[in-house]
Amino acid sequence: MKSRIPRTASHFPSSRVRAARRWRLPLLASLLVGACQAGPREVVNVYSHRHYDADQLLFDRFEELTGIGVRVVTASADELITRLEREGETSPADLLITVDAGRLHRAKERGLLQPVGSPELSSVIPENLRDPEGYWFGLTQRARILAYAKDRVRPEELSTYEALAGPEWAGRVLARSSENIYNLSLLASMIAANGAEVAEEWAAGVVSNMARPPQGNDSDQVLDVAAGVGDVAIVNTYYVARLLNDGDPAARELASGVDVFFPNQDGRGAHVNVSGAGVTAHAPNAGNAVRLIEFLVSEEAQAVFAETIFEYPVRPGVPWAETLHSWGRFRPDPLNLQRLGELNSDAVMAFDRAGWR
């Protein structure tokens with residue numbers, strides 16, 4: 001058994017030692033706080049409209065690979081664009097990420113983005129999926145297709161977007177609001193293909209064939225087709241894929257009664273759009289922003305987007321998710337997506353005149 005050493009005066013710290021300790025403790029605390037707050041030496045500040053866990057996983061991976069910290073602010077596209085306008089030259093943002101080429105074009109037109117010359121991005125991303133002047137670049141693709149009820153619609157009854165205005169579809173079509181950017185871009189693509197007058201006539205025809213007034217998001221359209229509210233809906237592919245892979249068995253069961261049809265395969269092809277990114281006009285870390293875009297179109301990142309969010313890669317050769325693969329290959333509309341932004345206001349007016357609420 002160890003003997004206990006009596007605590008004599010010599011075992012207590014002297015007043016000088018106690019003073020030194022009192023001086024060191026606050027210093028150590030401040031050093032620890034500083035170390036926690038310092039973070040990576042290099043950063044890239046992202047304003048993002050996207051809200052997926054996969055995006056944050058990829059940001060973390062980018063930081064792991066490069067040592068560049070990714071700081072993210074999330075909000076709606078309109079809120080982020082307004083914020084960039086308000087902040088002006090003092091904005092800390094380096095990169096704007098949002099969905100739909102129409103919004104990216106809007107940011108470009110308002111002087112919120114800067115052109116980027118990246119051989120990597122130019123070689124990897126197909127020409128129609130990026131701005132011709134390098135102001136923005138597609139990160140993922142989605143097709144706007146027809147989701148139909150398997151028990152009430154035969155695939156051979158479907159053909160083109162334009163055909164939805166025919167009398168055989170009276171009371172059977174579901175769609176979301178005309179204010180939705182996805183519908184605005186679809187109509188813009190139809191204006192580019194057929195002219196404004198024909199596109200407006202189509203919109204009016206679809207309005208007369210609607211099973212109910214426009215409401216809800218794309219998931220709601222799919223579920224309403226499954227529930228028998230309508231027979232066919234205009235939606236983006238990844239909404240159907242997510243429902244088919246939902247953690248809720250009831251959602252999967254409902255979605256299993258719906259199938260996907262790619263329109264206009266004998267003509268211009270199915271309408272496609274992108275989520276994309278652009279380096280902000282006053283980016284303090286523009287080089288890091290370009291590196292992040294280049295990483296997001298790498299094979300590694302593109303595979304993550306495909307497998308977890310069910311979006312189509314923009315990089316050729318990256319495998320699709322099994323659900324997307326099961327729907328088969330399709331012919332996409334080769335229209336350069338900058339046209340969707342250029343014709344956005346024409347689409348707004350056409351929808352208004354057609355009475356598409």
# chains A, B, ... in the order shown; residues from 1 in each chain; ligands from 1
>>> select_by_dssp(residues="range 27-273 of chain A", states="strand (DSSP E or B)", output="ChimeraX atom specification")
/A:42-48,68-74,95-99,113,130,137-149,173-174,210,232-236,258-261,270-273
>>> select_by_dssp(residues="range 114-194 of chain A", states="helix (DSSP H, G or I)", output="PyMOL selection string")
chain A and resi 119-124+127-129+155-157+162-165+167-169+181-194
>>> write_last_selection(atoms="N, CA, C and O atoms", output="short mmCIF file (atom, residue, chain, number, x, y, z; two decimals), in the first residue's frame")
data_model
loop_
_atom_site.label_atom_id
_atom_site.label_comp_id
_atom_site.auth_asym_id
_atom_site.auth_seq_id
_atom_site.Cartn_x
_atom_site.Cartn_y
_atom_site.Cartn_z
N PRO A 119 -11.21 24.95 -69.73
CA PRO A 119 -11.14 23.86 -70.71
C PRO A 119 -11.83 22.59 -70.21
O PRO A 119 -12.45 21.86 -70.99
N GLU A 120 -11.72 22.33 -68.90
CA GLU A 120 -12.35 21.13 -68.33
C GLU A 120 -13.86 21.18 -68.49
O GLU A 120 -14.49 20.23 -68.96
N LEU A 121 -14.46 22.31 -68.13
CA LEU A 121 -15.92 22.43 -68.22
C LEU A 121 -16.39 22.43 -69.67
O LEU A 121 -17.41 21.83 -69.99
N SER A 122 -15.64 23.07 -70.53
CA SER A 122 -16.02 23.12 -71.94
C SER A 122 -15.93 21.76 -72.61
O SER A 122 -16.71 21.45 -73.52
N SER A 123 -15.01 20.93 -72.15
CA SER A 123 -14.84 19.62 -72.78
C SER A 123 -15.79 18.58 -72.20
O SER A 123 -16.19 17.64 -72.89
N VAL A 124 -16.19 18.73 -70.94
CA VAL A 124 -17.00 17.72 -70.27
C VAL A 124 -18.49 17.95 -70.48
O VAL A 124 -19.25 17.01 -70.71
N GLU A 127 -22.43 21.20 -75.19
CA GLU A 127 -22.57 22.62 -75.52
C GLU A 127 -23.96 23.17 -75.20
O GLU A 127 -24.10 24.31 -74.75
N ASN A 128 -25.00 22.38 -75.44
CA ASN A 128 -26.36 22.89 -75.21
C ASN A 128 -26.73 22.97 -73.75
O ASN A 128 -27.76 23.56 -73.40
N LEU A 129 -25.89 22.40 -72.86
CA LEU A 129 -26.18 22.40 -71.43
C LEU A 129 -25.36 23.42 -70.66
O LEU A 129 -25.27 23.34 -69.43
N PRO A 155 -49.46 3.23 -73.74
CA PRO A 155 -48.34 4.05 -74.23
C PRO A 155 -48.53 4.50 -75.67
O PRO A 155 -48.13 5.61 -76.03
N GLU A 156 -49.16 3.67 -76.50
CA GLU A 156 -49.35 4.05 -77.90
C GLU A 156 -50.34 5.20 -78.08
O GLU A 156 -50.43 5.77 -79.17
N GLU A 157 -51.09 5.55 -77.02
CA GLU A 157 -51.97 6.71 -77.08
C GLU A 157 -51.20 8.02 -76.95
O GLU A 157 -51.72 9.10 -77.26
N GLU A 162 -47.57 18.37 -77.80
CA GLU A 162 -48.61 19.05 -78.56
C GLU A 162 -49.91 18.27 -78.57
O GLU A 162 -51.01 18.86 -78.55
N ALA A 163 -49.82 16.94 -78.57
CA ALA A 163 -51.02 16.11 -78.66
C ALA A 163 -51.90 16.22 -77.42
O ALA A 163 -53.10 15.88 -77.48
N LEU A 164 -51.38 16.68 -76.30
CA LEU A 164 -52.19 16.82 -75.08
C LEU A 164 -53.30 17.84 -75.24
O LEU A 164 -54.22 17.88 -74.42
N ALA A 165 -53.23 18.68 -76.26
CA ALA A 165 -54.28 19.66 -76.51
C ALA A 165 -55.44 19.07 -77.31
O ALA A 165 -56.44 19.74 -77.54
N PRO A 167 -58.77 16.70 -78.35
CA PRO A 167 -60.03 16.46 -77.64
C PRO A 167 -60.08 15.15 -76.87
O PRO A 167 -60.85 15.02 -75.91
N GLU A 168 -59.26 14.17 -77.26
CA GLU A 168 -59.27 12.88 -76.57
C GLU A 168 -58.76 12.97 -75.13
O GLU A 168 -58.96 12.05 -74.33
N TRP A 169 -58.12 14.09 -74.81
CA TRP A 169 -57.57 14.26 -73.46
C TRP A 169 -58.42 15.19 -72.59
O TRP A 169 -57.99 15.60 -71.50
N ILE A 181 -41.34 27.61 -62.90
CA ILE A 181 -40.27 27.82 -63.88
C ILE A 181 -40.12 26.63 -64.82
O ILE A 181 -39.76 26.79 -65.99
N TYR A 182 -40.45 25.41 -64.35
CA TYR A 182 -40.33 24.24 -65.22
C TYR A 182 -41.33 24.33 -66.37
O TYR A 182 -41.00 23.99 -67.52
N ASN A 183 -42.56 24.76 -66.07
CA ASN A 183 -43.56 24.91 -67.12
C ASN A 183 -43.22 26.08 -68.04
O ASN A 183 -43.44 26.02 -69.26
N LEU A 184 -42.69 27.16 -67.46
CA LEU A 184 -42.29 28.30 -68.29
C LEU A 184 -41.20 27.90 -69.28
O LEU A 184 -41.23 28.29 -70.45
N SER A 185 -40.26 27.11 -68.82
CA SER A 185 -39.18 26.69 -69.71
C SER A 185 -39.68 25.70 -70.76
O SER A 185 -39.23 25.73 -71.92
N LEU A 186 -40.62 24.83 -70.38
CA LEU A 186 -41.20 23.93 -71.37
C LEU A 186 -41.89 24.73 -72.47
O LEU A 186 -41.70 24.46 -73.67
N LEU A 187 -42.71 25.72 -72.08
CA LEU A 187 -43.40 26.52 -73.09
C LEU A 187 -42.40 27.32 -73.91
O LEU A 187 -42.58 27.49 -75.13
N ALA A 188 -41.34 27.81 -73.29
CA ALA A 188 -40.30 28.53 -74.03
C ALA A 188 -39.68 27.63 -75.09
O ALA A 188 -39.41 28.07 -76.22
N SER A 189 -39.48 26.36 -74.76
CA SER A 189 -38.91 25.43 -75.75
C SER A 189 -39.88 25.21 -76.89
O SER A 189 -39.47 25.02 -78.05
N MET A 190 -41.17 25.21 -76.61
CA MET A 190 -42.18 25.04 -77.65
C MET A 190 -42.29 26.29 -78.52
O MET A 190 -42.54 26.20 -79.73
N ILE A 191 -42.09 27.46 -77.91
CA ILE A 191 -42.04 28.69 -78.70
C ILE A 191 -40.86 28.65 -79.65
O ILE A 191 -40.97 29.02 -80.83
N ALA A 192 -39.72 28.17 -79.16
CA ALA A 192 -38.53 28.06 -80.01
C ALA A 192 -38.77 27.10 -81.16
O ALA A 192 -38.27 27.32 -82.28
N ALA A 193 -39.52 26.04 -80.91
CA ALA A 193 -39.74 25.01 -81.93
C ALA A 193 -40.86 25.35 -82.90
O ALA A 193 -40.75 25.11 -84.11
N ASN A 194 -41.96 25.93 -82.37
CA ASN A 194 -43.18 26.07 -83.16
C ASN A 194 -43.64 27.50 -83.38
O ASN A 194 -44.57 27.72 -84.17
#
>>> closest_residue(among="A:His282, A:His325, A:Arg103, A:Arg268", to="Glu85 in chain A", atoms="only C-alpha atoms")
A:His282
>>> closest_atom_pairs(of="range 66-184 of chain A", to="range 334-354 of chain A", cutoff="12 Å", atoms="only C-alpha atoms", output="tab-separated table")
residue	atom	partner	partner_atom	distance
A:Asp100	CA	A:Leu340	CA	8.9
A:Ala101	CA	A:Leu337	CA	6.0
A:Gly102	CA	A:Gly341	CA	4.0
A:Arg103	CA	A:Gly341	CA	7.1
A:Leu104	CA	A:Gly341	CA	7.8
A:His105	CA	A:Gly341	CA	5.2
A:Arg106	CA	A:Gly341	CA	6.6
A:Ala107	CA	A:Gly341	CA	9.9
A:Lys108	CA	A:Gly341	CA	9.7
A:Glu109	CA	A:Gly341	CA	9.2
A:Pro126	CA	A:Asn336	CA	9.6
A:Glu127	CA	A:Asn336	CA	7.3
A:Asn128	CA	A:Asn336	CA	4.0
A:Leu129	CA	A:Leu337	CA	6.1
A:Arg130	CA	A:Leu337	CA	7.2
A:Asp131	CA	A:Gln338	CA	6.1
A:Pro132	CA	A:Gln338	CA	7.9
A:Glu133	CA	A:Gln338	CA	10.1
A:Gly134	CA	A:Gln338	CA	11.1
A:Tyr135	CA	A:Gln338	CA	10.4
A:Trp136	CA	A:Gln338	CA	9.6
A:Phe137	CA	A:Leu337	CA	10.3
A:Gly138	CA	A:Leu337	CA	9.5
A:Gln141	CA	A:Leu337	CA	11.2
A:Ser177	CA	A:Phe351	CA	9.7
A:Ser178	CA	A:Phe351	CA	6.3
A:Glu179	CA	A:Val348	CA	7.7
A:Asn180	CA	A:Val348	CA	10.0
A:Ile181	CA	A:Asn344	CA	8.8
A:Tyr182	CA	A:Leu340	CA	10.0
A:Asn183	CA	A:Ala347	CA	8.9
A:Leu184	CA	A:Ala347	CA	5.8
>>> residues_around(residues="Thr160 in chain A", least_positions_apart="4", cutoff="9 Å", atoms="only C-alpha atoms", output="VMD selection string")
chain A and resid 164 262 to 267 270
>>> write_last_selection(atoms="all heavy atoms", output="short mmCIF file (atom, residue, chain, number, x, y, z; two decimals), in the first residue's frame")
data_model
loop_
_atom_site.label_atom_id
_atom_site.label_comp_id
_atom_site.auth_asym_id
_atom_site.auth_seq_id
_atom_site.Cartn_x
_atom_site.Cartn_y
_atom_site.Cartn_z
N LEU A 164 -51.38 16.68 -76.30
CA LEU A 164 -52.19 16.82 -75.08
C LEU A 164 -53.30 17.84 -75.24
O LEU A 164 -54.22 17.88 -74.42
CB LEU A 164 -51.30 17.22 -73.90
CG LEU A 164 -50.35 16.17 -73.34
CD1 LEU A 164 -49.60 16.73 -72.14
CD2 LEU A 164 -51.09 14.89 -72.97
N PHE A 262 -41.60 9.47 -72.75
CA PHE A 262 -40.78 10.56 -73.27
C PHE A 262 -41.40 11.06 -74.58
O PHE A 262 -41.42 10.33 -75.57
CB PHE A 262 -39.35 10.09 -73.50
CG PHE A 262 -38.63 9.74 -72.24
CD1 PHE A 262 -38.66 8.44 -71.73
CD2 PHE A 262 -37.93 10.71 -71.53
CE1 PHE A 262 -38.01 8.11 -70.56
CE2 PHE A 262 -37.27 10.39 -70.34
CZ PHE A 262 -37.32 9.09 -69.86
N PRO A 263 -41.92 12.30 -74.59
CA PRO A 263 -42.61 12.79 -75.78
C PRO A 263 -41.66 13.19 -76.92
O PRO A 263 -40.44 13.31 -76.73
CB PRO A 263 -43.35 14.04 -75.27
CG PRO A 263 -43.25 13.99 -73.79
CD PRO A 263 -42.01 13.23 -73.49
N ASN A 264 -42.24 13.37 -78.10
CA ASN A 264 -41.57 13.95 -79.27
C ASN A 264 -40.32 13.18 -79.70
O ASN A 264 -39.35 13.76 -80.19
CB ASN A 264 -41.23 15.42 -79.00
CG ASN A 264 -42.46 16.28 -78.78
OD1 ASN A 264 -43.09 16.20 -77.72
ND2 ASN A 264 -42.81 17.09 -79.77
N GLN A 265 -40.36 11.86 -79.54
CA GLN A 265 -39.19 11.05 -79.89
C GLN A 265 -39.00 10.92 -81.39
O GLN A 265 -37.92 10.57 -81.86
CB GLN A 265 -39.29 9.69 -79.23
CG GLN A 265 -39.17 9.73 -77.72
CD GLN A 265 -37.88 10.38 -77.24
OE1 GLN A 265 -36.83 9.75 -77.27
NE2 GLN A 265 -37.94 11.63 -76.81
N ASP A 266 -40.06 11.19 -82.16
CA ASP A 266 -39.92 11.16 -83.61
C ASP A 266 -39.65 12.55 -84.19
O ASP A 266 -39.62 12.72 -85.41
CB ASP A 266 -41.20 10.58 -84.26
CG ASP A 266 -41.39 9.12 -83.91
OD1 ASP A 266 -40.37 8.43 -83.73
OD2 ASP A 266 -42.55 8.68 -83.80
N GLY A 267 -39.46 13.52 -83.29
CA GLY A 267 -39.21 14.90 -83.72
C GLY A 267 -38.03 15.49 -83.00
O GLY A 267 -36.93 14.92 -82.99
N ALA A 270 -37.49 15.02 -76.29
CA ALA A 270 -38.08 15.44 -75.02
C ALA A 270 -37.37 16.67 -74.47
O ALA A 270 -36.14 16.80 -74.57
CB ALA A 270 -38.02 14.30 -74.01
#
>>> atom_distance(atom1="CA of Met210 in chain A", atom2="CA of Tyr161 in chain A")
13.9 Å
>>> decode(residues="range 70-106 of chain A", atoms="N, CA and C atoms", output="PDB file, in the first residue's frame")
ATOM      1  N   VAL A  70     -16.120  24.812 -47.845  1.00  0.00           N
ATOM      2  CA  VAL A  70     -17.321  25.207 -48.579  1.00  0.00           C
ATOM      3  C   VAL A  70     -18.342  25.743 -47.590  1.00  0.00           C
ATOM      4  N   ARG A  71     -18.661  27.013 -47.718  1.00  0.00           N
ATOM      5  CA  ARG A  71     -19.668  27.657 -46.870  1.00  0.00           C
ATOM      6  C   ARG A  71     -20.929  27.851 -47.710  1.00  0.00           C
ATOM      7  N   VAL A  72     -22.064  27.372 -47.205  1.00  0.00           N
ATOM      8  CA  VAL A  72     -23.279  27.334 -48.010  1.00  0.00           C
ATOM      9  C   VAL A  72     -24.388  28.155 -47.361  1.00  0.00           C
ATOM     10  N   VAL A  73     -25.024  28.991 -48.167  1.00  0.00           N
ATOM     11  CA  VAL A  73     -26.250  29.682 -47.793  1.00  0.00           C
ATOM     12  C   VAL A  73     -27.344  29.154 -48.708  1.00  0.00           C
ATOM     13  N   THR A  74     -28.440  28.653 -48.134  1.00  0.00           N
ATOM     14  CA  THR A  74     -29.533  28.120 -48.944  1.00  0.00           C
ATOM     15  C   THR A  74     -30.765  28.999 -48.814  1.00  0.00           C
ATOM     16  N   ALA A  75     -31.453  29.170 -49.924  1.00  0.00           N
ATOM     17  CA  ALA A  75     -32.701  29.934 -49.984  1.00  0.00           C
ATOM     18  C   ALA A  75     -33.316  29.671 -51.347  1.00  0.00           C
ATOM     19  N   SER A  76     -34.477  30.262 -51.603  1.00  0.00           N
ATOM     20  CA  SER A  76     -35.085  30.104 -52.918  1.00  0.00           C
ATOM     21  C   SER A  76     -34.263  30.863 -53.955  1.00  0.00           C
ATOM     22  N   ALA A  77     -34.449  30.497 -55.209  1.00  0.00           N
ATOM     23  CA  ALA A  77     -33.686  31.144 -56.279  1.00  0.00           C
ATOM     24  C   ALA A  77     -33.948  32.646 -56.309  1.00  0.00           C
ATOM     25  N   ASP A  78     -35.200  33.039 -56.196  1.00  0.00           N
ATOM     26  CA  ASP A  78     -35.530  34.465 -56.235  1.00  0.00           C
ATOM     27  C   ASP A  78     -34.894  35.211 -55.062  1.00  0.00           C
ATOM     28  N   GLU A  79     -34.902  34.587 -53.887  1.00  0.00           N
ATOM     29  CA  GLU A  79     -34.289  35.223 -52.715  1.00  0.00           C
ATOM     30  C   GLU A  79     -32.787  35.389 -52.900  1.00  0.00           C
ATOM     31  N   LEU A  80     -32.138  34.378 -53.461  1.00  0.00           N
ATOM     32  CA  LEU A  80     -30.691  34.465 -53.659  1.00  0.00           C
ATOM     33  C   LEU A  80     -30.329  35.504 -54.708  1.00  0.00           C
ATOM     34  N   ILE A  81     -31.097  35.564 -55.784  1.00  0.00           N
ATOM     35  CA  ILE A  81     -30.840  36.566 -56.821  1.00  0.00           C
ATOM     36  C   ILE A  81     -31.035  37.965 -56.263  1.00  0.00           C
ATOM     37  N   THR A  82     -32.108  38.164 -55.487  1.00  0.00           N
ATOM     38  CA  THR A  82     -32.348  39.469 -54.850  1.00  0.00           C
ATOM     39  C   THR A  82     -31.225  39.813 -53.888  1.00  0.00           C
ATOM     40  N   ARG A  83     -30.752  38.834 -53.152  1.00  0.00           N
ATOM     41  CA  ARG A  83     -29.661  39.071 -52.197  1.00  0.00           C
ATOM     42  C   ARG A  83     -28.386  39.479 -52.919  1.00  0.00           C
ATOM     43  N   LEU A  84     -28.071  38.811 -54.012  1.00  0.00           N
ATOM     44  CA  LEU A  84     -26.889  39.173 -54.793  1.00  0.00           C
ATOM     45  C   LEU A  84     -27.008  40.605 -55.326  1.00  0.00           C
ATOM     46  N   GLU A  85     -28.185  40.976 -55.775  1.00  0.00           N
ATOM     47  CA  GLU A  85     -28.391  42.342 -56.277  1.00  0.00           C
ATOM     48  C   GLU A  85     -28.209  43.355 -55.148  1.00  0.00           C
ATOM     49  N   ARG A  86     -28.734  43.048 -53.985  1.00  0.00           N
ATOM     50  CA  ARG A  86     -28.646  43.973 -52.854  1.00  0.00           C
ATOM     51  C   ARG A  86     -27.212  44.108 -52.360  1.00  0.00           C
ATOM     52  N   GLU A  87     -26.480  43.002 -52.323  1.00  0.00           N
ATOM     53  CA  GLU A  87     -25.110  43.027 -51.804  1.00  0.00           C
ATOM     54  C   GLU A  87     -24.136  43.676 -52.782  1.00  0.00           C
ATOM     55  N   GLY A  88     -24.391  43.530 -54.063  1.00  0.00           N
ATOM     56  CA  GLY A  88     -23.530  44.159 -55.063  1.00  0.00           C
ATOM     57  C   GLY A  88     -22.082  43.731 -54.937  1.00  0.00           C
ATOM     58  N   GLU A  89     -21.171  44.699 -55.028  1.00  0.00           N
ATOM     59  CA  GLU A  89     -19.737  44.407 -54.994  1.00  0.00           C
ATOM     60  C   GLU A  89     -19.263  43.881 -53.648  1.00  0.00           C
ATOM     61  N   THR A  90     -20.069  44.057 -52.600  1.00  0.00           N
ATOM     62  CA  THR A  90     -19.668  43.588 -51.270  1.00  0.00           C
ATOM     63  C   THR A  90     -20.108  42.160 -50.992  1.00  0.00           C
ATOM     64  N   SER A  91     -20.745  41.509 -51.967  1.00  0.00           N
ATOM     65  CA  SER A  91     -21.255  40.161 -51.732  1.00  0.00           C
ATOM     66  C   SER A  91     -20.109  39.189 -51.450  1.00  0.00           C
ATOM     67  N   PRO A  92     -20.269  38.332 -50.433  1.00  0.00           N
ATOM     68  CA  PRO A  92     -19.258  37.312 -50.169  1.00  0.00           C
ATOM     69  C   PRO A  92     -19.418  36.091 -51.067  1.00  0.00           C
ATOM     70  N   ALA A  93     -20.510  36.023 -51.822  1.00  0.00           N
ATOM     71  CA  ALA A  93     -20.808  34.822 -52.609  1.00  0.00           C
ATOM     72  C   ALA A  93     -19.804  34.640 -53.744  1.00  0.00           C
ATOM     73  N   ASP A  94     -19.393  33.402 -53.926  1.00  0.00           N
ATOM     74  CA  ASP A  94     -18.511  33.034 -55.036  1.00  0.00           C
ATOM     75  C   ASP A  94     -19.251  32.257 -56.117  1.00  0.00           C
ATOM     76  N   LEU A  95     -20.289  31.527 -55.729  1.00  0.00           N
ATOM     77  CA  LEU A  95     -20.950  30.615 -56.649  1.00  0.00           C
ATOM     78  C   LEU A  95     -22.452  30.625 -56.394  1.00  0.00           C
ATOM     79  N   LEU A  96     -23.221  30.737 -57.469  1.00  0.00           N
ATOM     80  CA  LEU A  96     -24.678  30.604 -57.399  1.00  0.00           C
ATOM     81  C   LEU A  96     -25.058  29.259 -58.009  1.00  0.00           C
ATOM     82  N   ILE A  97     -25.776  28.449 -57.242  1.00  0.00           N
ATOM     83  CA  ILE A  97     -26.285  27.173 -57.732  1.00  0.00           C
ATOM     84  C   ILE A  97     -27.805  27.219 -57.664  1.00  0.00           C
ATOM     85  N   THR A  98     -28.461  26.941 -58.778  1.00  0.00           N
ATOM     86  CA  THR A  98     -29.915  26.943 -58.801  1.00  0.00           C
ATOM     87  C   THR A  98     -30.410  25.947 -59.831  1.00  0.00           C
ATOM     88  N   VAL A  99     -31.728  25.814 -59.919  1.00  0.00           N
ATOM     89  CA  VAL A  99     -32.319  24.879 -60.867  1.00  0.00           C
ATOM     90  C   VAL A  99     -32.995  25.650 -61.986  1.00  0.00           C
ATOM     91  N   ASP A 100     -32.921  25.104 -63.168  1.00  0.00           N
ATOM     92  CA  ASP A 100     -33.531  25.621 -64.381  1.00  0.00           C
ATOM     93  C   ASP A 100     -32.664  26.680 -65.053  1.00  0.00           C
ATOM     94  N   ALA A 101     -32.430  26.464 -66.339  1.00  0.00           N
ATOM     95  CA  ALA A 101     -31.628  27.393 -67.128  1.00  0.00           C
ATOM     96  C   ALA A 101     -32.265  28.772 -67.208  1.00  0.00           C
ATOM     97  N   GLY A 102     -33.596  28.835 -67.078  1.00  0.00           N
ATOM     98  CA  GLY A 102     -34.263  30.136 -67.097  1.00  0.00           C
ATOM     99  C   GLY A 102     -33.803  31.032 -65.968  1.00  0.00           C
ATOM    100  N   ARG A 103     -33.624  30.460 -64.782  1.00  0.00           N
ATOM    101  CA  ARG A 103     -33.146  31.245 -63.642  1.00  0.00           C
ATOM    102  C   ARG A 103     -31.678  31.626 -63.811  1.00  0.00           C
ATOM    103  N   LEU A 104     -30.886  30.706 -64.315  1.00  0.00           N
ATOM    104  CA  LEU A 104     -29.472  31.007 -64.533  1.00  0.00           C
ATOM    105  C   LEU A 104     -29.322  32.135 -65.548  1.00  0.00           C
ATOM    106  N   HIS A 105     -30.137  32.099 -66.592  1.00  0.00           N
ATOM    107  CA  HIS A 105     -30.098  33.167 -67.590  1.00  0.00           C
ATOM    108  C   HIS A 105     -30.521  34.496 -66.965  1.00  0.00           C
ATOM    109  N   ARG A 106     -31.510  34.446 -66.069  1.00  0.00           N
ATOM    110  CA  ARG A 106     -31.958  35.666 -65.391  1.00  0.00           C
ATOM    111  C   ARG A 106     -30.819  36.279 -64.584  1.00  0.00           C
TER     112      ARG A 106
END
